[in-house]
>>> print(open('work.cif').read())   # mmCIF, C-alpha atoms and all ligand atoms
data_work
loop_
_atom_site.group_PDB
_atom_site.id
_atom_site.type_symbol
_atom_site.label_atom_id
_atom_site.label_comp_id
_atom_site.auth_asym_id
_atom_site.auth_seq_id
_atom_site.Cartn_x
_atom_site.Cartn_y
_atom_site.Cartn_z
ATOM 1 C CA MET A 1 -3.028 -74.599 43.906
ATOM 2 C CA PRO A 2 0.433 -75.225 45.314
ATOM 3 C CA SER A 3 0.924 -76.245 48.933
ATOM 4 C CA TYR A 4 2.614 -73.895 51.363
ATOM 5 C CA GLU A 5 3.664 -74.030 54.970
ATOM 6 C CA LEU A 6 2.878 -70.946 56.994
ATOM 7 C CA ALA A 7 5.054 -70.756 60.108
ATOM 8 C CA LEU A 8 3.617 -68.252 62.564
ATOM 9 C CA MET A 9 4.800 -66.948 65.898
ATOM 10 C CA LEU A 10 1.981 -65.479 67.925
ATOM 11 C CA LYS A 11 2.501 -63.357 70.978
ATOM 12 C CA ALA A 12 1.790 -64.649 74.493
ATOM 13 C CA MET A 13 -1.923 -64.314 75.265
ATOM 14 C CA PRO A 14 -4.702 -66.178 77.071
ATOM 15 C CA LYS A 15 -6.447 -69.090 75.374
ATOM 16 C CA PRO A 16 -9.720 -67.439 74.239
ATOM 17 C CA GLU A 17 -7.803 -64.622 72.588
ATOM 18 C CA LEU A 18 -5.506 -67.129 70.926
ATOM 19 C CA LYS A 19 -8.591 -68.867 69.562
ATOM 20 C CA THR A 20 -9.967 -65.668 68.029
ATOM 21 C CA THR A 21 -6.547 -64.874 66.547
ATOM 22 C CA LEU A 22 -6.351 -68.302 64.927
ATOM 23 C CA THR A 23 -9.846 -67.976 63.490
ATOM 24 C CA ARG A 24 -8.916 -64.530 62.131
ATOM 25 C CA ILE A 25 -5.799 -65.980 60.499
ATOM 26 C CA SER A 26 -7.793 -68.872 59.004
ATOM 27 C CA HIS A 27 -10.532 -66.595 57.649
ATOM 28 C CA ALA A 28 -7.923 -64.518 55.858
ATOM 29 C CA ILE A 29 -6.878 -67.692 54.024
ATOM 30 C CA PHE A 30 -10.471 -68.746 53.250
ATOM 31 C CA ASN A 31 -11.396 -65.282 51.980
ATOM 32 C CA ARG A 32 -8.718 -65.588 49.296
ATOM 33 C CA GLY A 33 -9.970 -68.959 48.118
ATOM 34 C CA GLY A 34 -7.395 -71.030 49.970
ATOM 35 C CA ILE A 35 -7.857 -74.155 52.040
ATOM 36 C CA ILE A 36 -6.178 -75.316 55.249
ATOM 37 C CA ARG A 37 -4.940 -78.895 55.265
ATOM 38 C CA ASN A 38 -3.522 -79.001 58.758
ATOM 39 C CA ILE A 39 -2.771 -76.796 61.756
ATOM 40 C CA GLU A 40 0.117 -77.808 64.001
ATOM 41 C CA ASN A 41 0.649 -76.338 67.429
ATOM 42 C CA LEU A 42 4.349 -76.476 68.310
ATOM 43 C CA GLY A 43 3.668 -75.063 71.753
ATOM 44 C CA PHE A 44 4.406 -72.001 73.799
ATOM 45 C CA ARG A 45 8.093 -71.554 74.526
ATOM 46 C CA ALA A 46 10.864 -69.034 74.910
ATOM 47 C CA MET A 47 12.234 -67.701 71.646
ATOM 48 C CA PRO A 48 15.956 -68.232 71.049
ATOM 49 C CA TYR A 49 16.329 -64.499 70.486
ATOM 50 C CA LYS A 50 14.175 -61.571 71.478
ATOM 51 C CA THR A 51 12.068 -60.118 68.704
ATOM 52 C CA SER A 52 10.448 -56.736 68.554
ATOM 53 C CA SER A 53 7.279 -56.237 66.539
ATOM 54 C CA HIS A 54 4.639 -53.556 66.660
ATOM 55 C CA SER A 55 6.803 -51.633 69.160
ATOM 56 C CA LEU A 56 6.802 -54.462 71.689
ATOM 57 C CA VAL A 57 9.671 -56.775 72.630
ATOM 58 C CA HIS A 58 8.752 -60.457 72.749
ATOM 59 C CA ARG A 59 10.812 -63.172 74.429
ATOM 60 C CA GLU A 60 8.204 -65.955 74.291
ATOM 61 C CA ALA A 61 5.853 -67.010 71.537
ATOM 62 C CA ASN A 62 3.138 -69.476 70.555
ATOM 63 C CA TYR A 63 4.434 -71.466 67.609
ATOM 64 C CA PHE A 64 1.975 -72.568 64.937
ATOM 65 C CA VAL A 65 2.409 -74.132 61.512
ATOM 66 C CA PHE A 66 -0.433 -73.969 58.983
ATOM 67 C CA LYS A 67 -0.344 -76.279 55.985
ATOM 68 C CA ILE A 68 -2.344 -74.468 53.337
ATOM 69 C CA ASP A 69 -3.185 -74.700 49.653
ATOM 70 C CA THR A 70 -3.599 -71.299 48.112
ATOM 71 C CA ALA A 71 -3.050 -69.401 44.903
ATOM 72 C CA THR A 72 0.470 -68.084 44.443
ATOM 73 C CA GLN A 73 -0.787 -64.525 43.997
ATOM 74 C CA ALA A 74 -2.622 -64.689 47.326
ATOM 75 C CA VAL A 75 0.552 -65.387 49.296
ATOM 76 C CA ALA A 76 1.908 -61.841 49.133
ATOM 77 C CA ASP A 77 -1.548 -60.575 50.041
ATOM 78 C CA LEU A 78 -1.706 -62.848 53.077
ATOM 79 C CA LYS A 79 1.766 -61.803 54.192
ATOM 80 C CA GLU A 80 0.777 -58.166 53.967
ATOM 81 C CA GLU A 81 -2.355 -58.747 56.007
ATOM 82 C CA TYR A 82 -0.506 -60.718 58.680
ATOM 83 C CA SER A 83 2.200 -58.075 58.897
ATOM 84 C CA ARG A 84 -0.504 -55.649 60.041
ATOM 85 C CA ASP A 85 -1.821 -58.074 62.657
ATOM 86 C CA VAL A 86 -0.482 -57.008 66.065
ATOM 87 C CA ASP A 87 -0.792 -60.537 67.504
ATOM 88 C CA ILE A 88 1.637 -62.010 64.980
ATOM 89 C CA ILE A 89 5.269 -61.546 65.938
ATOM 90 C CA ARG A 90 6.822 -63.209 62.936
ATOM 91 C CA GLN A 91 5.621 -65.129 59.896
ATOM 92 C CA ARG A 92 7.355 -67.169 57.235
ATOM 93 C CA VAL A 93 5.893 -68.920 54.201
ATOM 94 C CA TYR A 94 7.702 -71.875 52.664
ATOM 95 C CA LYS A 95 6.752 -73.944 49.697
ATOM 96 C CA ILE A 96 6.497 -77.649 50.514
ATOM 97 C CA PRO A 97 9.354 -79.293 48.584
ATOM 98 C CA ASP A 98 8.646 -82.144 46.192
ATOM 99 C CA LYS A 99 9.615 -85.618 47.280
ATOM 100 C CA ALA A 100 12.972 -86.129 45.613
ATOM 101 C CA ASP A 101 13.970 -89.794 45.801
ATOM 102 C CA GLN A 102 17.711 -89.707 45.333
ATOM 103 C CA THR A 103 20.393 -92.244 46.115
ATOM 104 C CA CYS A 104 23.386 -91.520 48.324
ATOM 105 C CA THR A 105 26.421 -90.320 46.358
ATOM 106 C CA LEU A 106 28.831 -90.584 49.275
ATOM 107 C CA GLU A 107 30.775 -93.403 47.622
ATOM 108 C CA GLN A 108 31.734 -91.268 44.600
ATOM 109 C CA GLU A 109 32.567 -88.303 46.830
ATOM 110 C CA LEU A 110 35.007 -90.289 48.955
ATOM 111 C CA LEU A 111 37.092 -91.393 45.947
ATOM 112 C CA PRO A 112 40.553 -89.878 45.432
ATOM 113 C CA PRO A 113 40.352 -86.610 43.442
ATOM 114 C CA ALA A 114 41.599 -88.098 40.170
ATOM 115 C CA TYR A 115 38.664 -90.519 40.081
ATOM 116 C CA ARG A 116 35.971 -87.947 40.867
ATOM 117 C CA GLU A 117 33.849 -86.877 37.932
ATOM 118 C CA GLU A 118 33.803 -83.168 38.777
ATOM 119 C CA VAL A 119 37.594 -83.075 39.068
ATOM 120 C CA GLN A 120 37.954 -84.810 35.712
ATOM 121 C CA LYS A 121 35.646 -82.190 34.206
ATOM 122 C CA MET A 122 37.786 -79.407 35.694
ATOM 123 C CA ILE A 123 40.939 -80.957 34.229
ATOM 124 C CA GLU A 124 39.291 -81.167 30.798
ATOM 125 C CA LEU A 125 38.274 -77.511 31.081
ATOM 126 C CA GLY A 126 41.782 -76.519 32.093
ATOM 127 C CA LYS A 127 43.241 -78.259 29.055
ATOM 128 C CA SER A 128 41.095 -76.151 26.731
ATOM 129 C CA GLN A 129 42.323 -72.882 28.266
ATOM 130 C CA VAL A 130 45.591 -70.984 28.028
ATOM 131 C CA ASN A 131 47.897 -71.630 30.956
ATOM 132 C CA ARG A 132 48.876 -68.149 32.032
ATOM 133 C CA PHE A 133 51.831 -69.397 34.052
ATOM 134 C CA THR A 134 53.631 -70.999 31.139
ATOM 135 C CA TYR A 135 52.299 -68.764 28.334
ATOM 136 C CA LYS A 136 55.043 -66.857 26.546
ATOM 137 C CA PHE A 137 54.316 -63.630 24.681
ATOM 138 C CA LYS A 138 54.935 -63.935 20.967
ATOM 139 C CA TYR A 139 56.630 -60.935 19.379
ATOM 140 C CA ASN A 140 55.147 -61.639 15.960
ATOM 141 C CA SER A 141 51.603 -60.916 17.170
ATOM 142 C CA GLY A 142 51.181 -57.794 15.001
ATOM 143 C CA LEU A 143 51.755 -55.280 17.793
ATOM 144 C CA ASP A 144 54.635 -52.891 17.180
ATOM 145 C CA TYR A 145 55.258 -52.491 20.912
ATOM 146 C CA TYR A 146 55.665 -54.800 23.915
ATOM 147 C CA PRO A 147 52.340 -54.560 25.843
ATOM 148 C CA PHE A 148 53.682 -55.561 29.276
ATOM 149 C CA GLN A 149 56.174 -54.067 31.688
ATOM 150 C CA LYS A 150 59.733 -55.263 31.225
ATOM 151 C CA MET B 1 24.967 -158.141 77.229
ATOM 152 C CA ALA B 2 26.965 -154.910 76.970
ATOM 153 C CA LEU B 3 29.852 -156.758 75.377
ATOM 154 C CA LEU B 4 27.541 -158.228 72.815
ATOM 155 C CA LYS B 5 26.182 -154.771 71.979
ATOM 156 C CA THR B 6 29.604 -153.236 71.362
ATOM 157 C CA PHE B 7 30.591 -156.208 69.313
ATOM 158 C CA THR B 8 27.579 -155.901 67.054
ATOM 159 C CA ILE B 9 28.054 -152.125 66.652
ATOM 160 C CA ARG B 10 31.731 -152.637 65.751
ATOM 161 C CA SER B 11 30.902 -155.226 63.189
ATOM 162 C CA VAL B 12 28.316 -152.932 61.625
ATOM 163 C CA PHE B 13 30.777 -150.027 61.519
ATOM 164 C CA SER B 14 33.531 -152.066 59.938
ATOM 165 C CA GLY B 15 31.042 -153.299 57.403
ATOM 166 C CA THR B 16 29.929 -149.810 56.390
ATOM 167 C CA HIS B 17 33.550 -148.608 56.293
ATOM 168 C CA ARG B 18 34.442 -151.257 53.829
ATOM 169 C CA ALA B 19 31.423 -150.457 51.742
ATOM 170 C CA ILE B 20 32.337 -146.731 51.602
ATOM 171 C CA ILE B 21 35.907 -147.488 50.533
ATOM 172 C CA SER B 22 34.718 -149.800 47.817
ATOM 173 C CA SER B 23 32.263 -147.186 46.536
ATOM 174 C CA LEU B 24 35.025 -144.506 46.493
ATOM 175 C CA ARG B 25 37.287 -146.802 44.537
ATOM 176 C CA SER B 26 34.642 -147.452 41.967
ATOM 177 C CA TYR B 27 34.091 -143.683 41.481
ATOM 178 C CA SER B 28 37.760 -142.726 41.195
ATOM 179 C CA SER B 29 38.437 -145.484 38.698
ATOM 180 C CA THR B 30 35.729 -144.173 36.311
ATOM 181 C CA PRO B 31 36.024 -140.411 35.497
ATOM 182 C CA VAL B 32 32.384 -139.869 34.570
ATOM 183 C CA VAL B 33 32.102 -136.422 36.265
ATOM 184 C CA ALA B 34 30.257 -134.126 33.911
ATOM 185 C CA GLU B 35 32.222 -131.064 32.752
ATOM 186 C CA GLU B 36 29.451 -128.626 33.688
ATOM 187 C CA ASP B 37 29.523 -129.708 37.323
ATOM 188 C CA ASP B 38 33.250 -129.133 37.612
ATOM 189 C CA ALA B 39 33.405 -125.773 35.766
ATOM 190 C CA PRO B 40 34.055 -122.585 37.793
ATOM 191 C CA VAL B 41 30.837 -120.947 38.882
ATOM 192 C CA GLU B 42 30.130 -117.299 38.111
ATOM 193 C CA ILE B 43 29.333 -115.576 41.429
ATOM 194 C CA GLU B 44 29.420 -112.008 42.643
ATOM 195 C CA ASN B 45 32.597 -110.772 44.258
ATOM 196 C CA PRO B 46 32.231 -112.010 47.861
ATOM 197 C CA TYR B 47 34.904 -109.569 49.074
ATOM 198 C CA LYS B 48 33.161 -106.500 47.702
ATOM 199 C CA LYS B 49 32.776 -103.857 50.392
ATOM 200 C CA GLU B 50 29.388 -102.544 51.379
ATOM 201 C CA LYS B 51 28.430 -99.278 49.714
ATOM 202 C CA PRO B 52 29.112 -96.439 52.164
ATOM 203 C CA GLN B 53 26.073 -94.285 52.915
ATOM 204 C CA CYS B 54 25.672 -91.146 54.970
ATOM 205 C CA ILE B 55 23.707 -91.411 58.197
ATOM 206 C CA LEU B 56 20.627 -89.588 56.859
ATOM 207 C CA CYS B 57 20.427 -91.729 53.716
ATOM 208 C CA LYS B 58 20.990 -94.923 55.701
ATOM 209 C CA LEU B 59 18.111 -94.162 58.076
ATOM 210 C CA ASN B 60 16.051 -92.572 55.269
ATOM 211 C CA ILE B 61 15.572 -89.249 57.064
ATOM 212 C CA THR B 62 14.676 -86.053 55.248
ATOM 213 C CA PRO B 63 15.754 -83.061 57.347
ATOM 214 C CA ASP B 64 12.905 -80.690 58.114
ATOM 215 C CA TYR B 65 13.044 -77.219 59.639
ATOM 216 C CA LYS B 66 10.387 -78.153 62.218
ATOM 217 C CA ASN B 67 12.588 -80.970 63.522
ATOM 218 C CA TYR B 68 15.044 -78.490 64.978
ATOM 219 C CA ARG B 69 16.419 -80.870 67.564
ATOM 220 C CA LEU B 70 17.901 -83.041 64.827
ATOM 221 C CA LEU B 71 19.220 -80.012 62.971
ATOM 222 C CA SER B 72 20.908 -78.646 66.093
ATOM 223 C CA GLN B 73 23.137 -81.739 66.089
ATOM 224 C CA PHE B 74 24.831 -80.401 62.959
ATOM 225 C CA GLN B 75 25.730 -77.121 64.687
ATOM 226 C CA SER B 76 28.742 -76.276 66.792
ATOM 227 C CA PRO B 77 27.783 -76.072 70.493
ATOM 228 C CA TYR B 78 30.170 -73.142 70.933
ATOM 229 C CA THR B 79 29.350 -70.839 68.034
ATOM 230 C CA GLY B 80 26.227 -72.244 66.370
ATOM 231 C CA ARG B 81 28.179 -72.577 63.149
ATOM 232 C CA ILE B 82 26.966 -75.296 60.770
ATOM 233 C CA TYR B 83 29.587 -78.018 60.431
ATOM 234 C CA GLY B 84 30.888 -78.700 56.937
ATOM 235 C CA ARG B 85 30.594 -81.809 54.855
ATOM 236 C CA HIS B 86 34.093 -83.005 55.799
ATOM 237 C CA ILE B 87 32.965 -83.135 59.465
ATOM 238 C CA THR B 88 29.361 -84.290 59.210
ATOM 239 C CA GLY B 89 30.135 -87.007 56.648
ATOM 240 C CA LEU B 90 26.919 -86.376 54.710
ATOM 241 C CA CYS B 91 26.533 -86.637 50.968
ATOM 242 C CA LYS B 92 26.321 -83.393 48.990
ATOM 243 C CA ALA B 93 22.545 -83.378 48.555
ATOM 244 C CA LYS B 94 21.780 -84.054 52.220
ATOM 245 C CA GLN B 95 24.344 -81.532 53.421
ATOM 246 C CA ALA B 96 22.788 -78.823 51.227
ATOM 247 C CA LEU B 97 19.358 -79.783 52.533
ATOM 248 C CA VAL B 98 20.518 -79.708 56.168
ATOM 249 C CA GLU B 99 22.099 -76.298 55.684
ATOM 250 C CA SER B 100 19.020 -74.799 54.044
ATOM 251 C CA GLU B 101 16.710 -76.279 56.701
ATOM 252 C CA ILE B 102 18.904 -74.907 59.513
ATOM 253 C CA ARG B 103 18.711 -71.465 57.908
ATOM 254 C CA LYS B 104 14.930 -71.785 57.711
ATOM 255 C CA ALA B 105 14.653 -72.910 61.342
ATOM 256 C CA GLN B 106 16.839 -70.038 62.513
ATOM 257 C CA ASN B 107 14.705 -67.631 60.516
ATOM 258 C CA CYS B 108 11.520 -69.035 62.079
ATOM 259 C CA ALA B 109 13.012 -68.582 65.583
ATOM 260 C CA TYR B 110 13.134 -72.339 66.218
ATOM 261 C CA LEU B 111 16.924 -72.365 66.455
ATOM 262 C CA PRO B 112 19.347 -69.750 67.773
ATOM 263 C CA TYR B 113 22.024 -68.297 65.490
ATOM 264 C CA TYR B 114 25.041 -68.030 67.757
ATOM 265 C CA TYR B 115 24.717 -70.810 70.311
ATOM 266 C CA LYS B 116 23.090 -74.186 70.842
ATOM 267 C CA ASP B 117 20.112 -74.657 73.131
ATOM 268 C CA LYS B 118 21.459 -76.013 76.424
ATOM 269 C CA ALA B 119 18.702 -78.643 76.510
ATOM 270 C CA PHE B 120 20.259 -80.171 73.358
ATOM 271 C CA LEU B 121 23.877 -80.101 74.482
ATOM 272 C CA LYS B 122 23.857 -83.698 75.733
ATOM 273 C CA ASP B 123 22.292 -85.151 72.595
ATOM 274 C CA PRO B 124 24.189 -88.116 71.115
ATOM 275 C CA ARG B 125 26.924 -87.078 68.721
ATOM 276 C CA LEU B 126 26.448 -88.137 65.108
ATOM 277 C CA PHE B 127 30.094 -87.427 64.195
ATOM 278 C CA ASP B 128 33.343 -86.304 65.770
ATOM 279 C CA PRO B 129 34.330 -82.714 64.895
ATOM 280 C CA GLU B 130 37.891 -83.442 66.088
ATOM 281 C CA ASN B 131 38.394 -86.126 63.431
ATOM 282 C CA PRO B 132 37.178 -84.788 60.093
ATOM 283 C CA ILE B 133 37.317 -86.840 56.899
ATOM 284 C CA ARG B 134 39.511 -84.215 55.253
ATOM 285 C CA SER B 135 41.836 -81.946 57.216
ATOM 286 C CA HIS B 136 40.838 -78.335 57.646
ATOM 287 C CA ARG B 137 42.555 -75.195 58.895
ATOM 288 C CA PHE B 138 40.372 -74.524 61.948
HETATM 289 ZN ZN ZN A 201 23.535 -89.543 51.531
#
>>> encode(input="work.cif", output="structure tokens")
Amino acid sequence: MPSYELALMLKAMPKPELKTTLTRISHAIFNRGGIIRNIENLGFRAMPYKTSSHSLVHREANYFVFKIDTATQAVADLKEEYSRDVDIIRQRVYKIPDKADQTCTLEQELLPPAYREEVQKMIELGKSQVNRFTYKFKYNSGLDYYPFQK
Amino acid sequence: MALLKTFTIRSVFSGTHRAIISSLRSYSSTPVVAEEDDAPVEIENPYKKEKPQCILCKLNITPDYKNYRLLSQFQSPYTGRIYGRHITGLCKAKQALVESEIRKAQNCAYLPYYYKDKAFLKDPRLFDPENPIRSHRF
């Protein structure tokens, strides 16, 4: 099962109700055979922009991030269920990216253009193509008329 | 007593001096220095410049959409626009990552689209937008 991050914005509500909402959200994951690795509470704060959902305008939200492992097919199902939940203002699911250990390529990027590999590739490509600025139409091409405007 | 001391020290010094000179003479008169000791030594270029690295690679930071305070430092405080690679001085991979994570954070309502949170306005500047690496038309 791949790992996902479920970023949820819950509407402003008292603590006991928040607790029941979180358990409801978690049970939806468990019912589809998923597991929760971690729940992060990013706090209650003002949203940077107002959001309307379920015919209510929200300016503040409880931010939560669930780290879950679930089947890929269950994700769309979960999204659909959460979209019907009136306590959830907004929800986003992101796949956790693989750890890519790469080295910094800034040194090659700061070279003058002629020494950069991508520029050299472009020059090679340009050599293999017809230069339309210097190309001259040949009259012996088999056409019995001049195809361009004179 | 003091006079005696200085006298003895002087005599000792002069004695050693003579000995050193005699030993030098004996060395210079016989060229027995092995060729391997005198040969030029293969070393790395001591004047080679340090490999330039972008600030995120140097500090080994992977940008994350939940760390929106860091991401907001790559945005213009006036328009919320993401600064380009010629201003931020990041390598291509990190710049692409920063841009995608900012988009994610804006989508999750962690970051605003068209301004910068006023709590973050006095954060230390990682780069100078007035002095880009390459000139631009803005
Ligand atoms: Zn880098």
>>> residues_around(input="work.cif", residues="B:Ile82", least_positions_apart="5", cutoff="12 Å", atoms="all atoms listed in the file", output="list in words")
Leu71, Ser72, Gln73, Phe74, Gln75, Ser76, Pro77, Ile87, Thr88, Gln95, Ala96, Val98, Glu99, Ser100, Glu101, Ile102, Arg103, Gln106, Leu111, Pro112, Tyr113, Tyr114, Tyr115, Lys116 and Pro129 of chain B
>>> atom_distance(input="work.cif", atom1="atom CA of A:Thr70", atom2="atom CA of A:Pro2")
6.3 Å
>>> closest_residue(input="work.cif", among="A:Val65, A:Val57, A:Leu18, A:Leu10", to="A:Ile39", atoms="all atoms listed in the file")
A:Val65
>>> resolve_selection(input="work.cif", expression="the PyMOL selection byres (((not hetatm)) within 6 of (chain A and resi 201))", output="list of chain:residue names")
A:Cys104, A:Thr105, A:Leu106, B:Gln53, B:Cys54, B:Cys57, B:Leu90, B:Cys91, B:Lys94
>>> resolve_selection(input="work.cif", expression="the PyMOL selection byres (((chain A and resi 88) around 8) and not hetatm)", output="PyMOL selection string")
chain A and resi 8-11+82-83+85-87+89-91
>>> resolve_selection(input="work.cif", expression="the PyMOL selection byres ((chain A and not hetatm) within 12 of (chain B))", output="PDB file with C-alpha atoms, in the frame of the given file")
ATOM      1  CA  GLU A   5       3.664 -74.030  54.970  1.00  0.00           C
ATOM      2  CA  LEU A   6       2.878 -70.946  56.994  1.00  0.00           C
ATOM      3  CA  ALA A   7       5.054 -70.756  60.108  1.00  0.00           C
ATOM      4  CA  LEU A   8       3.617 -68.252  62.564  1.00  0.00           C
ATOM      5  CA  MET A   9       4.800 -66.948  65.898  1.00  0.00           C
ATOM      6  CA  LEU A  10       1.981 -65.479  67.925  1.00  0.00           C
ATOM      7  CA  GLU A  40       0.117 -77.808  64.001  1.00  0.00           C
ATOM      8  CA  ASN A  41       0.649 -76.338  67.429  1.00  0.00           C
ATOM      9  CA  LEU A  42       4.349 -76.476  68.310  1.00  0.00           C
ATOM     10  CA  GLY A  43       3.668 -75.063  71.753  1.00  0.00           C
ATOM     11  CA  PHE A  44       4.406 -72.001  73.799  1.00  0.00           C
ATOM     12  CA  ARG A  45       8.093 -71.554  74.526  1.00  0.00           C
ATOM     13  CA  ALA A  46      10.864 -69.034  74.910  1.00  0.00           C
ATOM     14  CA  MET A  47      12.234 -67.701  71.646  1.00  0.00           C
ATOM     15  CA  PRO A  48      15.956 -68.232  71.049  1.00  0.00           C
ATOM     16  CA  TYR A  49      16.329 -64.499  70.486  1.00  0.00           C
ATOM     17  CA  LYS A  50      14.175 -61.571  71.478  1.00  0.00           C
ATOM     18  CA  THR A  51      12.068 -60.118  68.704  1.00  0.00           C
ATOM     19  CA  HIS A  58       8.752 -60.457  72.749  1.00  0.00           C
ATOM     20  CA  ARG A  59      10.812 -63.172  74.429  1.00  0.00           C
ATOM     21  CA  GLU A  60       8.204 -65.955  74.291  1.00  0.00           C
ATOM     22  CA  ALA A  61       5.853 -67.010  71.537  1.00  0.00           C
ATOM     23  CA  ASN A  62       3.138 -69.476  70.555  1.00  0.00           C
ATOM     24  CA  TYR A  63       4.434 -71.466  67.609  1.00  0.00           C
ATOM     25  CA  PHE A  64       1.975 -72.568  64.937  1.00  0.00           C
ATOM     26  CA  VAL A  65       2.409 -74.132  61.512  1.00  0.00           C
ATOM     27  CA  ILE A  89       5.269 -61.546  65.938  1.00  0.00           C
ATOM     28  CA  ARG A  90       6.822 -63.209  62.936  1.00  0.00           C
ATOM     29  CA  GLN A  91       5.621 -65.129  59.896  1.00  0.00           C
ATOM     30  CA  ARG A  92       7.355 -67.169  57.235  1.00  0.00           C
ATOM     31  CA  VAL A  93       5.893 -68.920  54.201  1.00  0.00           C
ATOM     32  CA  TYR A  94       7.702 -71.875  52.664  1.00  0.00           C
ATOM     33  CA  LYS A  95       6.752 -73.944  49.697  1.00  0.00           C
ATOM     34  CA  ILE A  96       6.497 -77.649  50.514  1.00  0.00           C
ATOM     35  CA  PRO A  97       9.354 -79.293  48.584  1.00  0.00           C
ATOM     36  CA  ASP A  98       8.646 -82.144  46.192  1.00  0.00           C
ATOM     37  CA  LYS A  99       9.615 -85.618  47.280  1.00  0.00           C
ATOM     38  CA  ALA A 100      12.972 -86.129  45.613  1.00  0.00           C
ATOM     39  CA  ASP A 101      13.970 -89.794  45.801  1.00  0.00           C
ATOM     40  CA  GLN A 102      17.711 -89.707  45.333  1.00  0.00           C
ATOM     41  CA  THR A 103      20.393 -92.244  46.115  1.00  0.00           C
ATOM     42  CA  CYS A 104      23.386 -91.520  48.324  1.00  0.00           C
ATOM     43  CA  THR A 105      26.421 -90.320  46.358  1.00  0.00           C
ATOM     44  CA  LEU A 106      28.831 -90.584  49.275  1.00  0.00           C
ATOM     45  CA  GLU A 107      30.775 -93.403  47.622  1.00  0.00           C
ATOM     46  CA  GLN A 108      31.734 -91.268  44.600  1.00  0.00           C
ATOM     47  CA  GLU A 109      32.567 -88.303  46.830  1.00  0.00           C
ATOM     48  CA  LEU A 110      35.007 -90.289  48.955  1.00  0.00           C
ATOM     49  CA  LEU A 111      37.092 -91.393  45.947  1.00  0.00           C
ATOM     50  CA  PRO A 112      40.553 -89.878  45.432  1.00  0.00           C
TER      51      PRO A 112
END
>>> residues_around(input="work.cif", residues="A:Ile29", least_positions_apart="3", cutoff="9 Å", atoms="all atoms listed in the file", output="PyMOL selection string")
chain A and resi 24-26+32-36+68+70+74+78
>>> atom_distance(input="work.cif", atom1="atom CA of A:Lys127", atom2="atom CA of A:Asn140")
24.3 Å
>>> closest_residue(input="work.cif", among="A:Ser55, A:Met1, A:Ile123, A:Lys15", to="A:Gln73", atoms="all atoms listed in the file")
A:Met1
>>> atom_distance(input="work.cif", atom1="atom CA of B:Ala119", atom2="atom CA of A:Ser52")
24.7 Å
